>>> print(open('input.csv').read())   # CSV, C-alpha atoms and all ligand atoms
chain,number,residue,atom,x,y,z
A,1,MET,CA,-12.2,1.8,23.2
A,2,ASP,CA,-11.4,4.6,20.8
A,3,ALA,CA,-8.5,6.9,20.3
A,4,SER,CA,-10.0,10.0,22.0
A,5,THR,CA,-8.2,9.4,25.3
A,6,LEU,CA,-4.8,9.6,23.5
A,7,ILE,CA,-5.4,12.9,21.9
A,8,PRO,CA,-3.7,15.9,23.5
A,9,ALA,CA,-6.0,18.9,23.9
A,10,GLN,CA,-5.4,21.8,21.6
A,11,ALA,CA,-2.6,19.9,19.9
A,12,ASP,CA,-1.0,21.1,16.6
A,13,LEU,CA,-0.4,18.6,13.8
A,14,PRO,CA,3.1,17.6,14.8
A,15,ALA,CA,2.0,16.8,18.3
A,16,LEU,CA,-1.0,14.8,17.0
A,17,LYS,CA,1.1,12.9,14.6
A,18,GLN,CA,3.5,12.0,17.4
A,19,ALA,CA,0.6,10.8,19.6
A,20,ALA,CA,-0.9,8.8,16.8
A,21,ALA,CA,2.3,7.0,16.2
A,22,GLY,CA,1.8,5.2,19.5
A,23,CYS,CA,-1.9,4.4,19.1
A,24,THR,CA,-3.1,0.9,20.0
A,25,ALA,CA,-6.8,1.8,20.3
A,26,CYS,CA,-7.8,-1.0,17.9
A,27,GLU,CA,-6.3,-4.3,16.7
A,28,LEU,CA,-5.0,-2.8,13.4
A,29,TYR,CA,-1.8,-1.4,14.8
A,30,ALA,CA,-0.2,-4.9,15.5
A,31,PRO,CA,0.3,-6.4,12.0
A,32,ALA,CA,0.8,-3.0,10.3
A,33,THR,CA,4.2,-1.3,9.9
A,34,GLN,CA,3.3,2.1,11.2
A,35,THR,CA,0.6,4.7,11.8
A,36,VAL,CA,0.1,6.7,8.6
A,37,PHE,CA,-0.9,10.2,9.6
A,38,GLY,CA,-2.2,13.0,7.4
A,39,THR,CA,0.1,15.4,5.5
A,40,GLY,CA,-0.1,18.6,3.4
A,41,ASN,CA,-0.9,22.2,4.0
A,42,PRO,CA,-1.6,22.7,7.8
A,43,THR,CA,-3.9,25.6,7.0
A,44,ALA,CA,-5.6,24.1,3.9
A,45,LYS,CA,-9.0,25.3,3.0
A,46,VAL,CA,-9.8,21.8,1.7
A,47,LEU,CA,-9.0,18.6,3.7
A,48,LEU,CA,-9.4,15.2,1.9
A,49,VAL,CA,-10.2,12.0,3.7
A,50,GLY,CA,-9.6,8.6,2.3
A,51,GLU,CA,-10.2,5.1,3.7
A,52,GLN,CA,-6.9,3.8,5.1
A,53,PRO,CA,-3.3,3.5,4.0
A,54,GLY,CA,-2.5,0.9,1.4
A,55,ASP,CA,0.5,-1.3,1.1
A,56,VAL,CA,2.8,1.4,-0.2
A,57,GLU,CA,1.6,3.9,2.3
A,58,ASP,CA,2.1,1.5,5.2
A,59,GLN,CA,5.7,1.0,4.2
A,60,ARG,CA,6.5,4.7,3.5
A,61,GLY,CA,4.5,6.2,6.3
A,62,LEU,CA,2.7,8.7,4.1
A,63,PRO,CA,-0.9,8.8,2.8
A,64,PHE,CA,-1.7,8.5,-0.9
A,65,VAL,CA,1.7,7.8,-2.3
A,66,GLY,CA,0.8,4.5,-4.0
A,67,PRO,CA,-1.2,4.0,-7.2
A,68,ALA,CA,-4.5,5.4,-5.9
A,69,GLY,CA,-2.5,8.3,-4.5
A,70,LYS,CA,-0.9,9.1,-7.8
A,71,LEU,CA,-4.3,9.2,-9.5
A,72,LEU,CA,-5.7,11.4,-6.7
A,73,GLN,CA,-2.8,13.9,-7.0
A,74,ARG,CA,-3.3,14.2,-10.7
A,75,ALA,CA,-7.1,14.7,-10.2
A,76,VAL,CA,-6.5,17.3,-7.4
A,77,ALA,CA,-4.2,19.3,-9.7
A,78,GLU,CA,-6.6,19.0,-12.7
A,79,ALA,CA,-9.5,20.2,-10.5
A,80,GLY,CA,-7.7,23.5,-10.0
A,81,PHE,CA,-5.9,23.2,-6.7
A,82,GLY,CA,-2.4,24.7,-6.7
A,83,GLN,CA,0.6,22.8,-5.5
A,84,GLY,CA,0.5,22.2,-1.8
A,85,ALA,CA,-3.1,23.6,-1.4
A,86,VAL,CA,-4.7,20.7,0.3
A,87,TYR,CA,-4.3,18.4,3.3
A,88,VAL,CA,-4.8,14.7,2.8
A,89,THR,CA,-5.5,12.0,5.4
A,90,ASN,CA,-7.4,8.8,6.0
A,91,ALA,CA,-10.4,7.8,8.2
A,92,VAL,CA,-8.3,4.8,9.5
A,93,LYS,CA,-4.6,5.2,10.1
A,94,HIS,CA,-3.3,1.7,10.0
A,95,PHE,CA,-3.3,-0.6,6.9
A,96,ARG,CA,-5.8,-3.5,7.3
A,97,PHE,CA,-4.8,-6.5,5.2
A,98,GLU,CA,-4.9,-10.3,4.9
A,99,LEU,CA,-1.7,-12.2,4.1
A,100,ARG,CA,-1.9,-14.4,1.1
A,101,GLY,CA,1.5,-16.0,0.7
A,102,LYS,CA,3.8,-13.0,0.7
A,103,ARG,CA,1.2,-10.7,-0.6
A,104,ARG,CA,-0.7,-8.3,1.7
A,105,ILE,CA,-4.3,-8.0,0.3
A,106,HIS,CA,-6.2,-4.9,1.3
A,107,GLN,CA,-9.2,-5.5,3.5
A,108,THR,CA,-11.9,-2.8,4.1
A,109,PRO,CA,-11.8,-1.5,7.7
A,110,GLN,CA,-14.7,-2.7,9.8
A,111,PRO,CA,-17.1,-0.4,11.8
A,112,GLU,CA,-15.2,-0.9,15.0
A,113,HIS,CA,-11.9,0.2,13.3
A,114,ILE,CA,-13.6,3.3,11.9
A,115,ARG,CA,-15.2,4.1,15.3
A,116,ALA,CA,-11.8,3.6,17.1
A,117,CYS,CA,-9.9,5.8,14.7
A,118,THR,CA,-12.2,8.6,13.8
A,119,PRO,CA,-11.1,10.8,16.8
A,120,TRP,CA,-7.7,11.2,15.0
A,121,VAL,CA,-9.3,12.7,11.8
A,122,GLY,CA,-11.5,14.8,14.0
A,123,ALA,CA,-8.4,16.2,15.7
A,124,GLU,CA,-6.8,16.9,12.3
A,125,ILE,CA,-10.0,18.7,11.2
A,126,ALA,CA,-9.9,20.8,14.4
A,127,ALA,CA,-6.2,21.7,13.8
A,128,VAL,CA,-6.4,22.4,10.1
A,129,HIS,CA,-9.8,24.1,10.2
A,130,PRO,CA,-10.7,23.6,6.6
A,131,GLU,CA,-13.7,25.2,4.8
A,132,VAL,CA,-14.5,21.9,3.0
A,133,VAL,CA,-14.0,18.3,4.1
A,134,VAL,CA,-13.9,16.0,1.1
A,135,CYS,CA,-14.9,12.4,1.8
A,136,LEU,CA,-13.3,10.0,-0.7
A,137,GLY,CA,-15.5,6.9,-0.7
A,138,ALA,CA,-17.8,5.1,1.6
A,139,THR,CA,-15.4,4.6,4.6
A,140,ALA,CA,-14.8,8.4,5.0
A,141,VAL,CA,-18.5,9.0,4.5
A,142,LYS,CA,-19.3,6.5,7.3
A,143,ALA,CA,-16.7,8.0,9.6
A,144,LEU,CA,-17.6,11.7,9.1
A,145,LEU,CA,-21.1,12.0,7.8
A,146,GLY,CA,-22.9,8.8,8.9
A,147,ALA,CA,-25.1,6.2,7.3
A,148,ARG,CA,-27.6,8.6,5.8
A,149,TYR,CA,-25.3,9.5,3.0
A,150,ARG,CA,-24.3,7.4,0.0
A,151,VAL,CA,-21.5,8.1,-2.4
A,152,THR,CA,-23.6,7.5,-5.6
A,153,LYS,CA,-26.6,9.5,-4.4
A,154,ASP,CA,-24.8,12.4,-2.7
A,155,ARG,CA,-21.6,13.0,-4.5
A,156,GLY,CA,-20.5,16.2,-6.0
A,157,GLU,CA,-22.7,18.6,-4.0
A,158,LEU,CA,-21.6,20.9,-1.2
A,159,LEU,CA,-23.3,19.6,1.9
A,160,LYS,CA,-23.2,20.9,5.5
A,161,TYR,CA,-20.4,19.2,7.4
A,162,THR,CA,-21.7,17.9,10.7
A,163,GLY,CA,-19.0,15.4,11.6
A,164,PRO,CA,-16.2,15.5,14.3
A,165,SER,CA,-14.9,19.0,15.0
A,166,ALA,CA,-17.6,20.6,12.8
A,167,GLU,CA,-18.1,24.3,12.8
A,168,PRO,CA,-21.2,26.0,11.5
A,169,THR,CA,-19.8,27.2,8.2
A,170,MET,CA,-17.9,24.0,7.3
A,171,LYS,CA,-19.0,22.2,4.2
A,172,ALA,CA,-18.6,18.5,3.1
A,173,LEU,CA,-18.2,17.1,-0.3
A,174,ILE,CA,-18.6,13.4,-1.2
A,175,THR,CA,-16.8,11.8,-4.1
A,176,ILE,CA,-15.6,8.4,-5.2
A,177,HIS,CA,-12.5,6.8,-3.8
A,178,PRO,CA,-9.6,6.9,-6.3
A,179,SER,CA,-9.0,3.1,-5.8
A,180,ALA,CA,-12.5,2.5,-7.1
A,181,ILE,CA,-11.5,4.2,-10.4
A,182,LEU,CA,-8.5,1.9,-10.7
A,183,ARG,CA,-10.7,-1.1,-10.3
A,184,MET,CA,-13.2,0.0,-13.1
A,185,PRO,CA,-13.2,-1.8,-16.4
A,186,ASP,CA,-11.1,-0.1,-19.1
A,187,ASP,CA,-14.1,1.4,-20.9
A,188,ALA,CA,-15.4,3.1,-17.7
A,189,ARG,CA,-12.2,4.4,-16.2
A,190,GLU,CA,-11.9,7.6,-18.2
A,191,LYS,CA,-15.4,8.7,-17.2
A,192,GLY,CA,-14.8,7.7,-13.6
A,193,TYR,CA,-11.7,9.8,-13.5
A,194,ALA,CA,-13.5,12.8,-15.2
A,195,ASP,CA,-16.3,12.6,-12.6
A,196,LEU,CA,-13.8,12.6,-9.8
A,197,VAL,CA,-12.1,15.7,-11.2
A,198,ALA,CA,-15.5,17.4,-11.6
A,199,ASP,CA,-16.4,16.7,-8.0
A,200,LEU,CA,-13.1,17.9,-6.7
A,201,ALA,CA,-13.5,21.1,-8.8
A,202,VAL,CA,-16.7,21.8,-6.9
A,203,ALA,CA,-14.6,22.0,-3.7
A,204,ALA,CA,-11.9,24.0,-5.5
A,205,ARG,CA,-14.4,26.6,-6.7
A,206,ALA,CA,-16.0,26.8,-3.2
A,207,VAL,CA,-12.8,28.1,-1.7
A,208,ALA,CA,-11.4,30.1,-4.6
B,1,LIG,N1,-6.1,4.7,-0.3
B,1,LIG,C1,-6.5,5.4,0.8
B,1,LIG,O1,-7.7,5.5,1.1
B,1,LIG,N2,-5.6,6.1,1.4
B,1,LIG,C2,-4.4,6.1,1.1
B,1,LIG,O2,-3.6,6.7,1.8
B,1,LIG,C3,-4.0,5.3,0.0
B,1,LIG,C4,-4.9,4.6,-0.6
B,2,LIG,FE1,-5.2,3.6,16.5
B,2,LIG,FE2,-6.5,4.1,14.2
B,2,LIG,FE3,-4.3,2.5,14.3
B,2,LIG,FE4,-6.6,1.6,15.3
B,2,LIG,S1,-6.2,2.1,13.2
B,2,LIG,S2,-4.6,1.5,16.3
B,2,LIG,S3,-7.4,3.5,16.2
B,2,LIG,S4,-4.4,4.7,14.8
>>> encode(input="input.csv", output="structure tokens", more="lines below")
Ligand code: URA
Ligand code: SF4
Amino acid sequence: MDASTLIPAQADLPALKQAAAGCTACELYAPATQTVFGTGNPTAKVLLVGEQPGDVEDQRGLPFVGPAGKLLQRAVAEAGFGQGAVYVTNAVKHFRFELRGKRRIHQTPQPEHIRACTPWVGAEIAAVHPEVVVCLGATAVKALLGARYRVTKDRGELLKYTGPSAEPTMKALITIHPSAILRMPDDAREKGYADLVADLAVAARAVA
């Protein structure tokens, strides 16, 4: 089963968000707090897609508001996007975690979760109609571009976007996930961050 049967036709973002709030198309809804839908400029030229909400996002109901989100927001601004220029969302809309004591440890979503959830991001892309879809990390790449692409090999270049709700002129851009930068050893993090900013700047220039 996937989420496509739950998606109202021609829906705007508020209607999609409301429908997604009740999604039970995969097992991830049960242990999580809430569906975390996308947010930002509803007519953005650039739409950014992460992996899934983290612990903080799950509690607050907003994407990219935890540590990785802070880093991403800083990088987006540094890449040349104005305040409120972009739309941000995730490939998977419920937090997948494992309980260790009281701690909720992030777990990467599995192919069946990605498959189940991708119709939601497809509907967001149809509603926002961006010129560039930015895939942050491997999960977004798998969801939107498929297994032919690799973050390390294909990052930082404008590609043709061929994923859900694609239109002929839409571009895709692959870059690293901000969480991967937070996990880098101290001596690599500065370069990792600069590379993320440089990739995002390619998208910013494409829509300037
Ligand atoms: N990581 C993601 O991929 N998405 C979020 O919303 C937060 C962290
Ligand atoms: Fe639905 Fe996606 Fe949540 Fe699974 S992760 S229940 S498909 S919104």
>>> atom_distance(input="input.csv", atom1="CA of Thr175 (chain A)", atom2="CA of Leu136 (chain A)")
5.2 Å
>>> residues_around(input="input.csv", residues="Ile7 (chain A)", least_positions_apart="4", cutoff="8 Å", atoms="all atoms listed in the file", output="PyMOL selection string")
chain A and resi 3+11+16+19-20+119-120+123
>>> closest_residue(input="input.csv", among="A:Ala116, A:Ala79, A:Ala30, A:Ala172", to="ligand LIG 2 (chain B)", atoms="all atoms listed in the file")
A:Ala116
>>> residues_around(input="input.csv", residues="Glu167 (chain A)", least_positions_apart="6", cutoff="10 Å", atoms="all atoms listed in the file", output="list of chain:residue names")
A:Ile125, A:Ala126, A:His129, A:Pro130, A:Glu131, A:Lys160, A:Tyr161
>>> closest_atom_pairs(input="input.csv", of="chain A", to="ligand LIG 2 (chain B)", cutoff="10 Å", atoms="only C-alpha atoms and all ligand atoms", output="CSV")
residue,atom,partner,partner_atom,distance
A:Met1,CA,B:LIG2,S3,8.7
A:Asp2,CA,B:LIG2,S3,6.2
A:Ala3,CA,B:LIG2,S3,5.4
A:Ser4,CA,B:LIG2,S3,9.1
A:Leu6,CA,B:LIG2,FE1,9.2
A:Lys17,CA,B:LIG2,S4,9.9
A:Ala19,CA,B:LIG2,S4,9.2
A:Ala20,CA,B:LIG2,S4,5.7
A:Ala21,CA,B:LIG2,S4,7.2
A:Gly22,CA,B:LIG2,FE1,7.8
A:Cys23,CA,B:LIG2,FE1,4.3
A:Thr24,CA,B:LIG2,S2,4.0
A:Ala25,CA,B:LIG2,S3,4.5
A:Cys26,CA,B:LIG2,FE4,3.9
A:Glu27,CA,B:LIG2,S2,6.1
A:Leu28,CA,B:LIG2,S1,5.0
A:Tyr29,CA,B:LIG2,S2,4.3
A:Ala30,CA,B:LIG2,S2,7.8
A:Ala32,CA,B:LIG2,FE3,8.5
A:Gln34,CA,B:LIG2,FE3,8.2
A:Thr35,CA,B:LIG2,S4,5.8
A:Val36,CA,B:LIG2,S4,7.9
A:Phe37,CA,B:LIG2,S4,8.3
A:Gln52,CA,B:LIG2,S1,8.3
A:Pro53,CA,B:LIG2,S1,9.7
A:Asn90,CA,B:LIG2,FE2,9.5
A:Ala91,CA,B:LIG2,FE2,8.1
A:Val92,CA,B:LIG2,S1,5.0
A:Lys93,CA,B:LIG2,FE2,4.7
A:His94,CA,B:LIG2,S1,4.3
A:Phe95,CA,B:LIG2,S1,7.4
A:Arg96,CA,B:LIG2,S1,8.1
A:Pro109,CA,B:LIG2,S1,8.6
A:Glu112,CA,B:LIG2,FE4,9.0
A:His113,CA,B:LIG2,FE4,5.8
A:Ile114,CA,B:LIG2,FE2,7.5
A:Arg115,CA,B:LIG2,S3,7.9
A:Ala116,CA,B:LIG2,S3,4.5
A:Cys117,CA,B:LIG2,S3,3.7
A:Thr118,CA,B:LIG2,FE2,7.3
A:Pro119,CA,B:LIG2,S3,8.2
A:Trp120,CA,B:LIG2,FE2,7.2
A:Val121,CA,B:LIG2,FE2,9.4
>>> residues_near_ligand(input="input.csv", ligand="ligand LIG 1 (chain B)", cutoff="12 Å", atoms="all atoms listed in the file", output="PyMOL selection string")
chain A and resi 35-39+48-73+87-96+106-109+135-141+176-182
>>> write_last_selection(input="input.csv", atoms="C-alpha atoms", output="PDB file, in the coordinates of the input")
ATOM      1  CA  THR A  35       0.600   4.700  11.800  1.00  0.00           C
ATOM      2  CA  VAL A  36       0.100   6.700   8.600  1.00  0.00           C
ATOM      3  CA  PHE A  37      -0.900  10.200   9.600  1.00  0.00           C
ATOM      4  CA  GLY A  38      -2.200  13.000   7.400  1.00  0.00           C
ATOM      5  CA  THR A  39       0.100  15.400   5.500  1.00  0.00           C
ATOM      6  CA  LEU A  48      -9.400  15.200   1.900  1.00  0.00           C
ATOM      7  CA  VAL A  49     -10.200  12.000   3.700  1.00  0.00           C
ATOM      8  CA  GLY A  50      -9.600   8.600   2.300  1.00  0.00           C
ATOM      9  CA  GLU A  51     -10.200   5.100   3.700  1.00  0.00           C
ATOM     10  CA  GLN A  52      -6.900   3.800   5.100  1.00  0.00           C
ATOM     11  CA  PRO A  53      -3.300   3.500   4.000  1.00  0.00           C
ATOM     12  CA  GLY A  54      -2.500   0.900   1.400  1.00  0.00           C
ATOM     13  CA  ASP A  55       0.500  -1.300   1.100  1.00  0.00           C
ATOM     14  CA  VAL A  56       2.800   1.400  -0.200  1.00  0.00           C
ATOM     15  CA  GLU A  57       1.600   3.900   2.300  1.00  0.00           C
ATOM     16  CA  ASP A  58       2.100   1.500   5.200  1.00  0.00           C
ATOM     17  CA  GLN A  59       5.700   1.000   4.200  1.00  0.00           C
ATOM     18  CA  ARG A  60       6.500   4.700   3.500  1.00  0.00           C
ATOM     19  CA  GLY A  61       4.500   6.200   6.300  1.00  0.00           C
ATOM     20  CA  LEU A  62       2.700   8.700   4.100  1.00  0.00           C
ATOM     21  CA  PRO A  63      -0.900   8.800   2.800  1.00  0.00           C
ATOM     22  CA  PHE A  64      -1.700   8.500  -0.900  1.00  0.00           C
ATOM     23  CA  VAL A  65       1.700   7.800  -2.300  1.00  0.00           C
ATOM     24  CA  GLY A  66       0.800   4.500  -4.000  1.00  0.00           C
ATOM     25  CA  PRO A  67      -1.200   4.000  -7.200  1.00  0.00           C
ATOM     26  CA  ALA A  68      -4.500   5.400  -5.900  1.00  0.00           C
ATOM     27  CA  GLY A  69      -2.500   8.300  -4.500  1.00  0.00           C
ATOM     28  CA  LYS A  70      -0.900   9.100  -7.800  1.00  0.00           C
ATOM     29  CA  LEU A  71      -4.300   9.200  -9.500  1.00  0.00           C
ATOM     30  CA  LEU A  72      -5.700  11.400  -6.700  1.00  0.00           C
ATOM     31  CA  GLN A  73      -2.800  13.900  -7.000  1.00  0.00           C
ATOM     32  CA  TYR A  87      -4.300  18.400   3.300  1.00  0.00           C
ATOM     33  CA  VAL A  88      -4.800  14.700   2.800  1.00  0.00           C
ATOM     34  CA  THR A  89      -5.500  12.000   5.400  1.00  0.00           C
ATOM     35  CA  ASN A  90      -7.400   8.800   6.000  1.00  0.00           C
ATOM     36  CA  ALA A  91     -10.400   7.800   8.200  1.00  0.00           C
ATOM     37  CA  VAL A  92      -8.300   4.800   9.500  1.00  0.00           C
ATOM     38  CA  LYS A  93      -4.600   5.200  10.100  1.00  0.00           C
ATOM     39  CA  HIS A  94      -3.300   1.700  10.000  1.00  0.00           C
ATOM     40  CA  PHE A  95      -3.300  -0.600   6.900  1.00  0.00           C
ATOM     41  CA  ARG A  96      -5.800  -3.500   7.300  1.00  0.00           C
ATOM     42  CA  HIS A 106      -6.200  -4.900   1.300  1.00  0.00           C
ATOM     43  CA  GLN A 107      -9.200  -5.500   3.500  1.00  0.00           C
ATOM     44  CA  THR A 108     -11.900  -2.800   4.100  1.00  0.00           C
ATOM     45  CA  PRO A 109     -11.800  -1.500   7.700  1.00  0.00           C
ATOM     46  CA  CYS A 135     -14.900  12.400   1.800  1.00  0.00           C
ATOM     47  CA  LEU A 136     -13.300  10.000  -0.700  1.00  0.00           C
ATOM     48  CA  GLY A 137     -15.500   6.900  -0.700  1.00  0.00           C
ATOM     49  CA  ALA A 138     -17.800   5.100   1.600  1.00  0.00           C
ATOM     50  CA  THR A 139     -15.400   4.600   4.600  1.00  0.00           C
ATOM     51  CA  ALA A 140     -14.800   8.400   5.000  1.00  0.00           C
ATOM     52  CA  VAL A 141     -18.500   9.000   4.500  1.00  0.00           C
ATOM     53  CA  ILE A 176     -15.600   8.400  -5.200  1.00  0.00           C
ATOM     54  CA  HIS A 177     -12.500   6.800  -3.800  1.00  0.00           C
ATOM     55  CA  PRO A 178      -9.600   6.900  -6.300  1.00  0.00           C
ATOM     56  CA  SER A 179      -9.000   3.100  -5.800  1.00  0.00           C
ATOM     57  CA  ALA A 180     -12.500   2.500  -7.100  1.00  0.00           C
ATOM     58  CA  ILE A 181     -11.500   4.200 -10.400  1.00  0.00           C
ATOM     59  CA  LEU A 182      -8.500   1.900 -10.700  1.00  0.00           C
TER      60      LEU A 182
END
>>> atom_distance(input="input.csv", atom1="CA of Ala75 (chain A)", atom2="CA of Val46 (chain A)")
14.1 Å
>>> closest_residue(input="input.csv", among="A:Thr33, A:Gly122, A:Ala206, A:Lys142", to="Ser165 (chain A)", atoms="all atoms listed in the file")
A:Gly122
>>> residues_near_point(input="input.csv", point="(-18.9, 25.7, 2.3)", cutoff="7 Å", atoms="all atoms listed in the file", output="MDAnalysis selection string")
chainID A and resid 131:132 158 169:171 206
>>> write_last_selection(input="input.csv", atoms="C-alpha atoms", output="mmCIF file, in the coordinates of the input")
data_model
loop_
_atom_site.group_PDB
_atom_site.id
_atom_site.type_symbol
_atom_site.label_atom_id
_atom_site.label_comp_id
_atom_site.auth_asym_id
_atom_site.auth_seq_id
_atom_site.Cartn_x
_atom_site.Cartn_y
_atom_site.Cartn_z
ATOM 1 C CA GLU A 131 -13.700 25.200 4.800
ATOM 2 C CA VAL A 132 -14.500 21.900 3.000
ATOM 3 C CA LEU A 158 -21.600 20.900 -1.200
ATOM 4 C CA THR A 169 -19.800 27.200 8.200
ATOM 5 C CA MET A 170 -17.900 24.000 7.300
ATOM 6 C CA LYS A 171 -19.000 22.200 4.200
ATOM 7 C CA ALA A 206 -16.000 26.800 -3.200
#
>>> closest_residue(input="input.csv", among="A:Ala203, A:Arg183, A:Leu144, A:Glu124", to="Gly156 (chain A)", atoms="only C-alpha atoms")
A:Ala203
>>> atom_distance(input="input.csv", atom1="CA of Leu47 (chain A)", atom2="CA of Gly80 (chain A)")
14.6 Å
>>> closest_residue(input="input.csv", among="A:Thr152, A:Val134, A:Arg100, A:Leu173", to="Gly192 (chain A)", atoms="all atoms listed in the file")
A:Thr152
>>> closest_residue(input="input.csv", among="A:Thr5, A:Pro42, A:Ala166, A:Ala143", to="Val128 (chain A)", atoms="all atoms listed in the file")
A:Pro42
>>> closest_residue(input="input.csv", among="A:Glu78, A:Ala127, A:Thr162, A:Ala85", to="Ala208 (chain A)", atoms="all atoms listed in the file")
A:Ala85
>>> decode(input="input.csv", residues="region 43-67 of chain A", atoms="C-alpha atoms", output="mmCIF file, in the first residue's frame")
data_model
loop_
_atom_site.group_PDB
_atom_site.id
_atom_site.type_symbol
_atom_site.label_atom_id
_atom_site.label_comp_id
_atom_site.auth_asym_id
_atom_site.auth_seq_id
_atom_site.Cartn_x
_atom_site.Cartn_y
_atom_site.Cartn_z
ATOM 1 C CA THR A 43 5.287 29.074 -4.794
ATOM 2 C CA ALA A 44 9.009 28.499 -4.178
ATOM 3 C CA LYS A 45 11.288 28.113 -7.163
ATOM 4 C CA VAL A 46 13.403 25.682 -5.158
ATOM 5 C CA LEU A 47 11.964 22.802 -3.116
ATOM 6 C CA LEU A 48 14.302 20.952 -0.745
ATOM 7 C CA VAL A 49 13.680 17.325 0.211
ATOM 8 C CA GLY A 50 15.310 15.694 3.242
ATOM 9 C CA GLU A 51 15.038 12.186 4.609
ATOM 10 C CA GLN A 52 12.506 12.108 7.432
ATOM 11 C CA PRO A 53 11.746 14.194 10.511
ATOM 12 C CA GLY A 54 14.134 13.823 13.423
ATOM 13 C CA ASP A 55 13.340 13.729 17.122
ATOM 14 C CA VAL A 56 12.790 17.486 17.459
ATOM 15 C CA GLU A 57 10.769 17.701 14.241
ATOM 16 C CA ASP A 58 8.551 14.822 15.391
ATOM 17 C CA GLN A 59 7.710 16.700 18.572
ATOM 18 C CA ARG A 60 7.234 20.117 16.997
ATOM 19 C CA GLY A 61 5.495 19.011 13.807
ATOM 20 C CA LEU A 62 7.780 21.030 11.527
ATOM 21 C CA PRO A 63 10.591 19.876 9.219
ATOM 22 C CA PHE A 64 14.210 20.909 9.766
ATOM 23 C CA VAL A 65 13.859 22.669 13.101
ATOM 24 C CA GLY A 66 16.408 20.519 15.009
ATOM 25 C CA PRO A 67 20.226 20.612 14.809
#
